[in-house]
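Source file: entry.cif (mmCIF, C-alpha atoms)
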```cif
data_target
loop_
_atom_site.label_atom_id
_atom_site.label_comp_id
_atom_site.auth_asym_id
_atom_site.auth_seq_id
_atom_site.Cartn_x
_atom_site.Cartn_y
_atom_site.Cartn_z
CA MET A 28 0.00 0.00 0.00
CA ASP A 29 3.01 2.35 0.30
CA THR A 30 3.65 2.35 -3.45
CA ARG A 31 0.36 1.59 -5.23
CA PRO A 32 -3.29 2.62 -5.09
CA SER A 33 -5.70 0.24 -3.37
CA LEU A 34 -6.78 -2.70 -5.53
CA THR A 35 -9.90 -3.33 -3.47
CA ALA A 36 -10.93 0.33 -3.94
CA GLU A 37 -10.88 -0.18 -7.70
CA ALA A 38 -12.80 -3.46 -7.45
CA VAL A 39 -15.48 -1.74 -5.36
CA CYS A 40 -15.62 1.06 -7.92
CA PHE A 41 -16.28 -1.53 -10.63
CA MET A 42 -19.15 -2.95 -8.57
CA ARG A 43 -20.75 0.49 -8.40
CA ALA A 44 -20.18 1.02 -12.12
CA VAL A 45 -22.04 -2.22 -12.90
CA ASP A 46 -25.29 -0.61 -11.79
CA GLN A 47 -24.94 1.91 -14.64
CA LEU A 48 -25.67 -1.00 -17.02
CA LYS A 49 -29.29 -0.89 -15.84
CA PRO A 50 -31.95 1.68 -16.79
CA PRO A 51 -31.92 4.65 -14.36
CA SER A 52 -35.21 3.60 -12.76
CA ASP A 53 -33.77 0.17 -11.88
CA ARG A 54 -30.49 1.30 -10.32
CA VAL A 55 -29.75 0.93 -6.63
CA ILE A 56 -26.94 3.49 -6.87
CA ASP A 57 -26.50 6.00 -9.69
CA ASP A 58 -22.76 6.71 -9.99
CA PRO A 59 -21.82 8.07 -13.44
CA TYR A 60 -18.30 8.84 -12.21
CA ALA A 61 -17.30 5.29 -11.26
CA ARG A 62 -16.25 3.98 -14.67
CA HIS A 63 -13.65 6.75 -15.06
CA PHE A 64 -11.51 5.26 -12.28
CA LEU A 65 -11.33 1.78 -13.79
CA SER A 66 -8.22 0.38 -15.45
CA PRO A 67 -8.62 -1.26 -18.91
CA PRO A 68 -9.38 -4.83 -17.69
CA TRP A 69 -12.27 -3.62 -15.51
CA ARG A 70 -13.59 -1.37 -18.28
CA ALA A 71 -13.51 -4.26 -20.69
CA LEU A 72 -15.73 -6.28 -18.35
CA LEU A 73 -18.33 -3.51 -18.40
CA THR A 74 -18.70 -3.94 -22.16
CA VAL A 75 -20.02 -7.46 -21.59
CA PRO A 76 -22.93 -6.99 -19.13
CA ALA A 77 -23.75 -10.70 -18.90
CA VAL A 78 -20.23 -11.30 -17.60
CA ALA A 79 -19.94 -8.14 -15.48
CA TRP A 80 -23.01 -9.08 -13.43
CA ARG A 81 -21.47 -12.48 -12.65
CA VAL A 82 -18.29 -11.11 -11.08
CA LEU A 83 -18.75 -11.80 -7.34
CA PRO A 84 -22.54 -11.25 -7.62
CA GLU A 85 -23.36 -11.31 -3.88
CA LEU A 86 -20.56 -8.88 -3.08
CA THR A 87 -21.52 -6.61 -5.99
CA THR A 88 -25.09 -6.49 -4.67
CA TYR A 89 -23.81 -5.67 -1.18
CA ILE A 90 -21.58 -2.85 -2.46
CA ARG A 91 -24.49 -1.30 -4.36
CA ALA A 92 -26.76 -1.52 -1.30
CA ARG A 93 -24.07 -0.30 1.12
CA HIS A 94 -23.40 2.81 -0.94
CA ARG A 95 -27.11 3.55 -1.29
CA TYR A 96 -27.62 3.08 2.45
CA MET A 97 -24.91 5.64 3.22
CA ASP A 98 -26.32 8.04 0.64
CA ASP A 99 -29.74 7.78 2.28
CA GLN A 100 -28.30 8.34 5.76
CA LEU A 101 -26.48 11.43 4.49
CA ARG A 102 -29.61 12.79 2.80
CA ALA A 103 -31.51 12.41 6.07
CA ALA A 104 -28.77 14.22 8.00
CA LEU A 105 -28.83 17.08 5.47
CA SER A 106 -32.56 17.60 5.90
CA ASP A 107 -34.18 19.97 8.36
CA ARG A 108 -35.39 16.89 10.24
CA ASN A 109 -31.90 15.48 10.82
CA PRO A 110 -32.49 12.48 13.13
CA GLY A 111 -28.97 12.79 14.55
CA HIS A 112 -29.42 16.32 15.90
CA PRO A 113 -31.49 17.03 19.04
CA ASP A 114 -33.05 20.06 17.30
CA GLY A 115 -33.29 18.41 13.88
CA ARG A 116 -30.67 20.80 12.53
CA PRO A 117 -28.90 19.67 9.32
CA VAL A 118 -25.24 18.69 9.39
CA GLU A 119 -22.90 21.34 8.03
CA GLN A 120 -19.89 19.34 6.82
CA LEU A 121 -19.16 15.97 5.24
CA VAL A 122 -16.03 13.92 5.93
CA ILE A 123 -15.39 10.86 3.75
CA LEU A 124 -12.78 8.79 5.55
CA GLY A 125 -10.82 6.30 3.45
CA ALA A 126 -12.47 7.83 0.40
CA GLY A 127 -11.03 5.55 -2.29
CA TYR A 128 -12.91 6.30 -5.51
CA ASP A 129 -16.05 7.45 -3.72
CA THR A 130 -17.58 10.46 -5.50
CA ARG A 131 -20.36 11.15 -3.02
CA GLY A 132 -19.21 14.74 -2.63
CA HIS A 133 -19.73 15.30 -6.36
CA ARG A 134 -22.78 13.10 -6.99
CA LEU A 135 -24.74 14.67 -4.15
CA ALA A 136 -23.58 18.25 -4.70
CA PRO A 137 -27.16 19.54 -5.17
CA VAL A 138 -28.29 18.31 -1.75
CA LEU A 139 -24.99 19.28 -0.11
CA GLY A 140 -25.76 22.85 -1.09
CA GLY A 141 -22.21 24.20 -0.97
CA ARG A 142 -21.26 22.57 2.33
CA ARG A 143 -17.59 21.70 2.74
CA VAL A 144 -16.64 18.12 1.88
CA PHE A 145 -13.36 16.62 3.09
CA GLU A 146 -12.07 13.45 1.43
CA VAL A 147 -9.42 11.74 3.56
CA ASP A 148 -7.28 8.96 2.14
CA TYR A 149 -3.83 7.42 1.88
CA PRO A 150 -1.58 9.37 -0.55
CA THR A 151 -1.20 6.71 -3.27
CA THR A 152 -4.91 6.14 -3.88
CA ALA A 153 -5.67 9.85 -3.44
CA ALA A 154 -3.03 10.83 -6.01
CA ARG A 155 -4.45 8.50 -8.68
CA LYS A 156 -7.97 9.70 -8.00
CA GLN A 157 -7.08 13.38 -8.26
CA LYS A 158 -5.11 12.81 -11.47
CA ILE A 159 -8.17 11.22 -13.07
CA LEU A 160 -10.54 13.89 -11.74
CA LYS A 161 -8.47 16.56 -13.50
CA THR A 162 -9.49 15.00 -16.83
CA PHE A 163 -13.22 15.34 -16.09
CA SER A 164 -15.43 17.70 -18.04
CA ASP A 165 -18.69 15.82 -17.58
CA PRO A 166 -20.19 14.94 -15.10
CA PRO A 167 -19.36 18.22 -13.32
CA LEU A 168 -17.26 18.38 -10.17
CA ASN A 169 -18.14 20.03 -6.86
CA PRO A 170 -15.68 22.84 -6.02
CA ALA A 171 -16.52 22.47 -2.30
CA VAL A 172 -14.60 19.15 -2.11
CA THR A 173 -11.21 19.31 -0.36
CA TYR A 174 -8.76 16.41 -0.69
CA VAL A 175 -6.82 15.51 2.42
CA THR A 176 -4.05 12.91 2.46
CA ILE A 177 -2.96 11.15 5.62
CA ASP A 178 -0.34 8.65 6.72
CA PHE A 179 -2.01 7.00 9.69
CA GLN A 180 1.39 5.86 10.99
CA THR A 181 2.65 9.41 11.53
CA GLN A 182 -0.31 11.84 11.37
CA SER A 183 -3.54 12.33 13.29
CA ILE A 184 -6.98 12.78 11.75
CA HIS A 185 -7.50 15.85 13.94
CA ASP A 186 -4.35 17.57 12.69
CA VAL A 187 -4.82 16.93 8.99
CA LEU A 188 -8.52 17.85 8.97
CA THR A 189 -8.19 21.06 10.96
CA ALA A 190 -5.23 22.10 8.80
CA ALA A 191 -7.48 21.62 5.75
CA GLY A 192 -10.17 23.91 7.15
CA PHE A 193 -12.44 21.47 9.01
CA ASP A 194 -14.46 23.20 11.74
CA PRO A 195 -14.92 20.96 14.83
CA THR A 196 -17.69 23.21 16.17
CA ARG A 197 -20.04 22.34 13.30
CA PRO A 198 -22.16 19.15 13.20
CA THR A 199 -20.60 16.78 10.71
CA PHE A 200 -21.58 13.67 8.81
CA PHE A 201 -18.75 11.11 8.68
CA THR A 202 -18.66 8.14 6.30
CA TRP A 203 -16.16 5.33 6.76
CA GLU A 204 -16.78 2.77 4.06
CA GLY A 205 -14.97 -0.48 3.36
CA VAL A 206 -12.05 0.16 5.74
CA SER A 207 -12.65 -1.21 9.25
CA MET A 208 -12.25 -4.85 8.24
CA TYR A 209 -8.67 -4.27 7.06
CA LEU A 210 -7.49 -2.73 10.35
CA SER A 211 -6.71 -4.05 13.81
CA ARG A 212 -9.25 -3.78 16.61
CA ALA A 213 -7.03 -1.17 18.27
CA ALA A 214 -6.86 0.88 15.06
CA VAL A 215 -10.65 0.86 14.67
CA ARG A 216 -11.07 1.93 18.30
CA GLY A 217 -8.46 4.64 17.80
CA THR A 218 -10.26 6.00 14.74
CA LEU A 219 -13.67 5.95 16.42
CA GLY A 220 -12.19 7.86 19.33
CA ALA A 221 -10.50 10.39 17.05
CA LEU A 222 -13.73 10.99 15.12
CA ARG A 223 -15.68 11.38 18.34
CA ALA A 224 -13.22 14.06 19.48
CA LEU A 225 -13.92 15.93 16.24
CA ALA A 226 -17.69 15.45 16.29
CA ALA A 227 -19.78 18.42 17.44
CA PRO A 228 -23.26 17.70 18.88
CA GLY A 229 -25.57 16.59 16.10
CA SER A 230 -22.85 14.73 14.20
CA SER A 231 -23.38 11.27 12.69
CA LEU A 232 -21.17 8.43 11.49
CA THR A 233 -22.08 5.67 9.05
CA MET A 234 -19.71 2.74 8.43
CA ASP A 235 -19.61 -0.96 7.71
CA TYR A 236 -18.17 -4.03 9.38
CA PHE A 237 -17.23 -7.56 8.37
CA ARG A 238 -18.57 -10.51 10.35
CA TYR A 239 -17.46 -14.16 10.42
CA LEU A 240 -20.44 -16.35 9.61
CA ASP A 241 -20.69 -19.08 12.24
CA ALA A 242 -23.00 -21.42 10.33
CA HIS A 243 -21.62 -24.93 9.80
CA THR A 244 -22.21 -24.90 6.06
CA LEU A 245 -20.00 -25.09 3.00
CA GLY A 246 -21.11 -21.60 1.97
CA ALA A 247 -20.14 -20.05 5.31
CA SER A 248 -16.77 -21.79 5.19
CA ALA A 249 -16.16 -20.52 1.66
CA ARG A 250 -16.92 -16.95 2.72
CA ARG A 251 -14.52 -17.18 5.64
CA LEU A 252 -11.85 -18.50 3.26
CA SER A 253 -12.48 -15.80 0.65
CA ALA A 254 -11.85 -13.08 3.25
CA GLY A 255 -8.47 -14.60 3.99
CA LEU A 256 -7.56 -14.77 0.32
CA LEU A 257 -7.36 -10.97 0.19
CA ALA A 258 -4.01 -11.38 1.94
CA PHE A 259 -2.58 -12.30 -1.46
CA ILE A 260 -3.04 -8.69 -2.61
CA SER A 261 -1.74 -7.39 0.74
CA GLU A 262 -5.19 -6.27 1.91
CA PRO A 263 -6.24 -9.04 4.32
CA VAL A 264 -9.42 -8.94 6.39
CA THR A 265 -8.18 -8.63 9.98
CA PHE A 266 -11.06 -7.33 12.10
CA PRO A 267 -14.47 -9.01 12.45
CA MET A 268 -17.43 -7.59 14.36
CA ASP A 269 -20.81 -9.10 15.16
CA PRO A 270 -24.02 -7.03 14.81
CA GLU A 271 -25.06 -8.01 18.35
CA ASP A 272 -21.85 -6.49 19.75
CA VAL A 273 -21.55 -3.32 17.68
CA SER A 274 -23.56 -1.01 19.98
CA ASP A 275 -21.37 -1.81 22.99
CA PHE A 276 -18.20 -1.63 20.90
CA MET A 277 -18.95 1.82 19.46
CA GLY A 278 -20.50 3.04 22.69
CA ARG A 279 -17.14 2.80 24.44
CA ASP A 280 -15.94 5.65 22.24
CA GLY A 281 -19.05 7.77 22.65
CA TRP A 282 -21.07 6.72 19.58
CA ARG A 283 -24.72 5.72 20.01
CA VAL A 284 -25.85 3.27 17.34
CA THR A 285 -29.23 4.22 15.85
CA ASP A 286 -29.49 1.84 12.90
CA VAL A 287 -28.03 -1.52 11.90
CA ALA A 288 -28.73 -3.05 8.49
CA ASP A 289 -27.53 -6.58 7.83
CA ALA A 290 -27.80 -8.42 4.51
CA ALA A 291 -31.48 -9.26 4.93
CA GLU A 292 -32.36 -5.68 5.82
CA LEU A 293 -30.38 -4.26 2.89
CA GLU A 294 -32.20 -6.63 0.55
CA ARG A 295 -35.53 -5.54 1.99
CA ARG A 296 -34.77 -1.84 1.57
CA TYR A 297 -33.01 -1.75 -1.78
CA ILE A 298 -32.89 -4.92 -3.85
CA ARG A 299 -35.71 -5.47 -6.34
CA ASP A 300 -34.04 -7.80 -8.85
CA GLY A 301 -33.95 -10.93 -6.67
CA ARG A 302 -30.21 -10.80 -6.10
CA THR A 303 -28.66 -11.80 -2.76
CA VAL A 304 -26.57 -9.46 -0.60
CA TYR A 305 -23.26 -10.88 0.62
CA PRO A 306 -24.17 -11.94 4.18
CA ALA A 307 -20.80 -11.40 5.88
CA ASN A 308 -21.06 -7.60 6.04
CA PHE A 309 -23.40 -5.09 7.63
CA VAL A 310 -23.75 -1.30 7.89
CA VAL A 311 -24.28 0.93 10.91
CA THR A 312 -25.26 4.52 11.65
CA ALA A 313 -24.37 6.13 14.97
CA VAL A 314 -24.69 9.60 16.51
CA VAL A 315 -23.04 11.54 19.34
#
```
Encoded form (structure tokens):
Amino acid sequence: MDTRPSLTAEAVCFMRAVDQLKPPSDRVIDDPYARHFLSPPWRALLTVPAVAWRVLPELTTYIRARHRYMDDQLRAALSDRNPGHPDGRPVEQLVILGAGYDTRGHRLAPVLGGRRVFEVDYPTTAARKQKILKTFSDPPLNPAVTYVTIDFQTQSIHDVLTAAGFDPTRPTFFTWEGVSMYLSRAAVRGTLGALRALAAPGSSLTMDYFRYLDAHTLGASARRLSAGLLAFISEPVTFPMDPEDVSDFMGRDGWRVTDVADAAELERRYIRDGRTVYPANFVVTAVV
């Protein structure tokens, strides 16, 4: 990871781009930017829809639903009935932690209404993303997005965000997508604590976790094995969390969980084409 952009970030971007193969009314997530970040092999797959939809189908369905879930949580927090604020006041900033090729700050520019957006990521992935963004003419880009690079070994989230203009007195919406499972338990706790220290009253956090399926079935065993195989691209899954434990876990760092959506719940909310959501992940929203 010191010398190359994240491979899993590009794979996730492909899974969002797949939804663009459907008519707009049938999409779970509408991300016209995603295809621009794909290298030639991934782009080639998109030209053969019958094949593209068969690349890790459960995981692709999960990625689509996860991104939509986080979009919906952000839209709610931007409304004048923000469920995370005691007075229903909208959040005033967006922080996308471990941004990868997420373009939420651009896609949702109309509802963000000029609010500051801070994308925080490791320098190698961030550099590739910004290089590609400079080639964009359409879709348009949001000038309120600020790109913040961080080396978690030597820098603190507080220092890099405040140096970039983040205001810790304003209620903020934090997203942390597709990252926690690749860290240690201590690193996840450290990040939750650092975000809590930055979070003014009325702030919210939405993120996802990986869980080990404990069913004694071949499918559950295969999913546990597939998580370990990511070690071959130097991005192993290292931190599992169970939905039953997540409220206590996040509560220790001052976050109150208000919503948990596992695979079944994501299917109920978003999936209309009969596809199955990968069952080893779930998403959470919490407030301070």
Output check: residues returned by the PyMOL selection byres ((chain A and resi 61) around 10), as an NGL selection string: :A and (37 or 39-47 or 57-60 or 62-65 or 128-130)
Interatomic distance between CA of Met277 (chain A) and CA of Asp289 (chain A)?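 Taking CA of Met277 (chain A) as the start and CA of Asp289 (chain A) as the end point, the length is 16.7 Å.
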Spell out the residues picked by the PyMOL selection byres ((chain A and resi 194-208) around 8) here, as a count of residues only. 37
Could you tell me which of A:His185, A:Arg95, A:Arg302, A:Arg81 comes closest to Thr218 (chain A) if we count only C-alpha atoms?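 Checking each candidate against Thr218 (chain A), we get A:His185 as the closest.
When only C-alpha atoms are used to measure the gap to Arg299 (chain A), the shortest distance among A:Ala191, A:Ser52, A:Ser106, A:Val287 belongs to A:Ser52.
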Just give me the gap between CA of Thr30 (chain A) and CA of Thr152 (chain A) in Å, one decimal is fine.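 Going from CA of Thr30 (chain A) over to CA of Thr152 (chain A) covers 9.4 Å.
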Taking into account all atoms listed in the file, which residue in the set A:Leu135, A:Thr181, A:Arg296, A:Gly127 is nearest to Arg155 (chain A)?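 Smallest separation from Arg155 (chain A) among the options: A:Gly127.
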By how many Å are CA of Ile56 (chain A) and CA of Arg283 (chain A) apart?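 Pair CA of Ile56 (chain A) / CA of Arg283 (chain A) returns 27.1 Å.
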